[in-house]
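Structure first, then comments.
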Amino acid sequence: MKVLAHIGYHKTGSSWLQHFVFEDPASGYRSIGHETPSHPLRRIVSEHPFRYDAAAVRRELETLIGTVEERGLHPVVSLERLSGHPFTGGSDSCQIADRLREALDDTGVLVVIREQRSMIVAVYKQYVKAGGTASVSQFLQPSRDRAARANLFDLSFFEYEHLLRYYRGLFGSERVLVLPFEAFARDGRAFVERIGAFTGRPFPDAFLSGLGYGTRDNESISALSIMTLRQVNRFAPRTELNPGPALESRTAAWLSKRLKKPNVLERPFAERLATGADARLRRVVEAIVGDRYVESNRETGELTGLDLASYGWPT
């Protein structure tokens with residue numbers, strides 16, 4: 001296959017793959033990037049349907065892909081936003097998939113999934129880091145009305161079988177590789193080797209041996225920091241997730257930046273508090289989720305051939 005399209009999901013090691021694998025030419029692969037708002041991948045994700053120019057996006061992607069091929073490397077399209085966004089319940093997932101298929105030929109799709117309870121904990125922490133002020137219960141169970149004025153978090157976004165079936169229908173079942181994030185945590189080298197086997201271009205042994213599989217490229221912070229940051233967000237400068245803070249304070253903005261760094265509140269004297277806060281957050285998520293994903297996980301396992309129960313998924 002000519003191109004590898006890595007679409008996420010969020011919170012499944014995407015930053016690690018991008019930084020340590022797809023952006024290192026020693027891997028034999030090279031990402032086409034996604035940095036600027038005008039980048040064709042960003043336009044696939046966010047451009048309004050009335051302004052979206054599919055032909056122009058396709059031409060620009062072909063140019064970027066051709067540049068990578070000229071260097072003798074395997075082109076990679078990598079952006080976790082291509083799977084949709086959990087904050088909005090994946091409301092644009094199908095539109096993005098359709099645009100991606102229209103823009104790319106001879107493409108294999110990599111999808112990394114994660115057990116839902118741990119995924120939701122990580123997603124909620126990311127929501128607060130991005131400026132959110134809702135409690136975890138409010139975030140996971142948003143108020144809705146029949147007018148449907150806004151796209152909100154939806155637990156069904158993590159029923160993976162729906163998106164997997166859609167991509168298999170667009171690209172072909174043999175061109176969609178699904179890997180559990182837990183497989184990376186268990187054996188990082190085997191995880192990366194599986195990607196190389198899928199594309200037909202194995203990674204060099206020397207490259208695989210030198211990878212820092214235990215390196216965290218986007219380290220999480222504790223629920224204690226998240227709990228504090230959520231209150232600070234009420235007074236920090238406005239964000240997409242908090243357009244009307246009570247007060248846009250410079251002090252709150254400074255404190256917000258500090259709290260987003262690992263190990264700010266997780267000092268030895270507060271370690272027990274941090275551990276307890278994480279356990280409480282996990283319990284709240286588990287109580288809300290219950291067993292809603294059991295049947296979905298069975299379907300995902302049957303669809304992919306993955307033994308998800310062996311990775312701790314409820315089935």
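Each chain in the structure tokens gets a letter, A, B and so on, in the order shown; residues start at 1 in every chain, and ligands are counted from 1 in the order they appear.
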
request  = List every residue of stretch 142-245 of chain A that DSSP, applied to the backbone of this structure, assigns to strand (DSSP E), and report them as a VMD selection string.
outcome  = chain A and resid 176 to 180

Can I get the selection written as a CSV table (one decimal), in the first residue's frame, with C-alpha atoms?
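Full text of out-v4.csv as output:
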```csv
chain,number,residue,atom,x,y,z
A,176,VAL,CA,-7.8,-1.6,8.1
A,177,LEU,CA,-5.5,-2.6,10.9
A,178,VAL,CA,-6.8,-2.3,14.5
A,179,LEU,CA,-4.5,-2.6,17.4
A,180,PRO,CA,-5.3,-2.2,21.2
```

*Counting only C-alpha atoms, what is within 9 Å of stretch 93-103 of chain A, bar same-chain residues fewer than 2 positions away, as JSON, numbers by chain?*
{"A": [5, 41, 44, 45, 46, 54, 55, 57, 58, 59, 61, 62, 81, 82, 83, 84, 85, 89, 90, 91, 105, 107, 163, 166, 167, 170, 171]}

Shell of 12 Å around A:Pro204, only C-alpha atoms, local chain residues under 3 positions omitted, as a short mmCIF file (atom, residue, chain, number, x, y, z; two decimals) with N, CA and C atoms, in the first residue's frame:
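Generated output (around-v6.cif):
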```
data_model
loop_
_atom_site.label_atom_id
_atom_site.label_comp_id
_atom_site.auth_asym_id
_atom_site.auth_seq_id
_atom_site.Cartn_x
_atom_site.Cartn_y
_atom_site.Cartn_z
N VAL A 21 8.36 7.53 15.77
CA VAL A 21 8.35 6.60 14.63
C VAL A 21 8.14 7.33 13.31
N PRO A 25 13.12 9.61 9.94
CA PRO A 25 13.37 8.95 8.65
C PRO A 25 14.12 7.62 8.79
N ALA A 26 14.78 7.40 9.92
CA ALA A 26 15.47 6.12 10.12
C ALA A 26 14.48 4.96 10.17
N SER A 27 13.22 5.28 10.40
CA SER A 27 12.18 4.25 10.43
C SER A 27 11.85 3.73 9.04
N GLY A 28 12.18 4.52 8.01
CA GLY A 28 11.76 4.20 6.66
C GLY A 28 10.43 4.82 6.32
N TYR A 29 9.86 5.55 7.28
CA TYR A 29 8.56 6.20 7.11
C TYR A 29 8.73 7.71 7.32
N ARG A 189 7.65 -3.17 21.07
CA ARG A 189 8.33 -3.56 19.82
C ARG A 189 7.41 -4.37 18.92
N VAL A 192 4.89 -2.11 17.17
CA VAL A 192 5.41 -1.36 16.03
C VAL A 192 5.71 -2.32 14.86
N GLU A 193 6.22 -3.49 15.17
CA GLU A 193 6.48 -4.47 14.11
C GLU A 193 5.21 -4.84 13.37
N GLY A 196 4.54 -2.38 10.62
CA GLY A 196 5.40 -2.62 9.46
C GLY A 196 4.95 -3.80 8.63
N ALA A 197 4.50 -4.86 9.29
CA ALA A 197 4.01 -6.03 8.57
C ALA A 197 2.74 -5.69 7.79
N ARG A 201 6.22 -2.88 4.66
CA ARG A 201 7.57 -2.32 4.75
C ARG A 201 8.04 -2.43 6.20
N PHE A 207 16.58 0.27 14.09
CA PHE A 207 15.63 1.31 14.50
C PHE A 207 14.75 0.80 15.63
N LEU A 208 14.22 -0.41 15.49
CA LEU A 208 13.35 -0.98 16.52
C LEU A 208 14.09 -1.13 17.85
N SER A 209 15.35 -1.53 17.78
CA SER A 209 16.13 -1.74 19.00
C SER A 209 16.41 -0.43 19.73
N GLY A 210 16.44 0.68 19.00
CA GLY A 210 16.76 1.96 19.61
C GLY A 210 15.58 2.76 20.10
N LEU A 211 14.37 2.27 19.86
CA LEU A 211 13.18 3.03 20.28
C LEU A 211 13.00 3.01 21.79
#
```

Just want the 12 Å neighbourhood of A:Ile32, counted on only C-alpha atoms, with same-chain residues fewer than 4 positions away dropped. Output as an MDAnalysis selection string. chainID A and resid 3:6 18 22:25 36 39:42 60:69 73:79

Writing out the chosen residues with C-alpha atoms as a PDB file, in the first residue's frame:
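Written out: selection.pdb:
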```pdb
ATOM      1  CA  VAL A   3       0.158   5.430   2.152  1.00  0.00           C
ATOM      2  CA  LEU A   4      -0.423   4.641   5.823  1.00  0.00           C
ATOM      3  CA  ALA A   5      -3.250   6.674   7.378  1.00  0.00           C
ATOM      4  CA  HIS A   6      -3.106   6.642  11.178  1.00  0.00           C
ATOM      5  CA  GLN A  18       4.233  10.500  15.540  1.00  0.00           C
ATOM      6  CA  PHE A  22       6.632   8.536  11.861  1.00  0.00           C
ATOM      7  CA  GLU A  23       8.804  11.652  12.116  1.00  0.00           C
ATOM      8  CA  ASP A  24      12.108   9.752  12.170  1.00  0.00           C
ATOM      9  CA  PRO A  25      13.371   8.946   8.654  1.00  0.00           C
ATOM     10  CA  THR A  36      -0.769  24.691  10.092  1.00  0.00           C
ATOM     11  CA  HIS A  39      -2.701  22.036   5.964  1.00  0.00           C
ATOM     12  CA  PRO A  40      -4.930  19.716   3.885  1.00  0.00           C
ATOM     13  CA  LEU A  41      -5.387  17.316   6.819  1.00  0.00           C
ATOM     14  CA  ARG A  42      -6.645  20.162   8.982  1.00  0.00           C
ATOM     15  CA  GLU A  60      -2.068  19.135  -2.068  1.00  0.00           C
ATOM     16  CA  LEU A  61      -1.921  15.725  -0.383  1.00  0.00           C
ATOM     17  CA  GLU A  62      -0.546  14.173  -3.559  1.00  0.00           C
ATOM     18  CA  THR A  63       2.218  16.790  -3.580  1.00  0.00           C
ATOM     19  CA  LEU A  64       3.123  16.153   0.059  1.00  0.00           C
ATOM     20  CA  ILE A  65       3.045  12.389  -0.429  1.00  0.00           C
ATOM     21  CA  GLY A  66       5.172  12.671  -3.564  1.00  0.00           C
ATOM     22  CA  THR A  67       7.798  14.655  -1.665  1.00  0.00           C
ATOM     23  CA  VAL A  68       8.104  11.865   0.900  1.00  0.00           C
ATOM     24  CA  GLU A  69       8.286   9.188  -1.794  1.00  0.00           C
ATOM     25  CA  LEU A  73      10.344   6.830   2.475  1.00  0.00           C
ATOM     26  CA  HIS A  74       6.850   5.476   3.100  1.00  0.00           C
ATOM     27  CA  PRO A  75       4.316   8.348   3.418  1.00  0.00           C
ATOM     28  CA  VAL A  76       2.259   8.547   6.599  1.00  0.00           C
ATOM     29  CA  VAL A  77      -0.890  10.563   7.244  1.00  0.00           C
ATOM     30  CA  SER A  78      -1.138  10.745  11.043  1.00  0.00           C
ATOM     31  CA  LEU A  79      -3.655  12.806  12.981  1.00  0.00           C
TER      32      LEU A  79
END
```

Practice prompt. Can you pull out every residue within 9 Å of stretch 124-140 of chain A, counting only C-alpha atoms, but drop anything in the same chain fewer than 6 positions away, and send it as a VMD selection string?
Written response: chain A and resid 11 87 152 to 155 220 to 223 226 to 227 229 to 234 236 to 242 256 259 to 260 281 284 to 285 288

>> Residues of stretch 29-240 of chain A classed as helix (DSSP H, G or I) by DSSP on the backbone are to be reported as a VMD selection string.
In response: chain A and resid 40 to 46 54 to 70 80 to 83 86 to 88 93 to 103 116 to 129 136 to 140 155 to 158 161 to 171 173 to 175 181 to 186 188 to 199 205 to 210 223 to 235

Note to self: Need the shell around A:Ser14: protein/DNA/RNA residues with any atom at most 10 Å away, counting only C-alpha atoms. Skip same-chain ones fewer than 6 positions apart. Format as a count of residues only?
What the structure shows: 10

Counting only C-alpha atoms, the residue among A:Arg282, A:Arg43, A:Arg186, A:Arg146 that lies closest to A:Met119 is A:Arg282
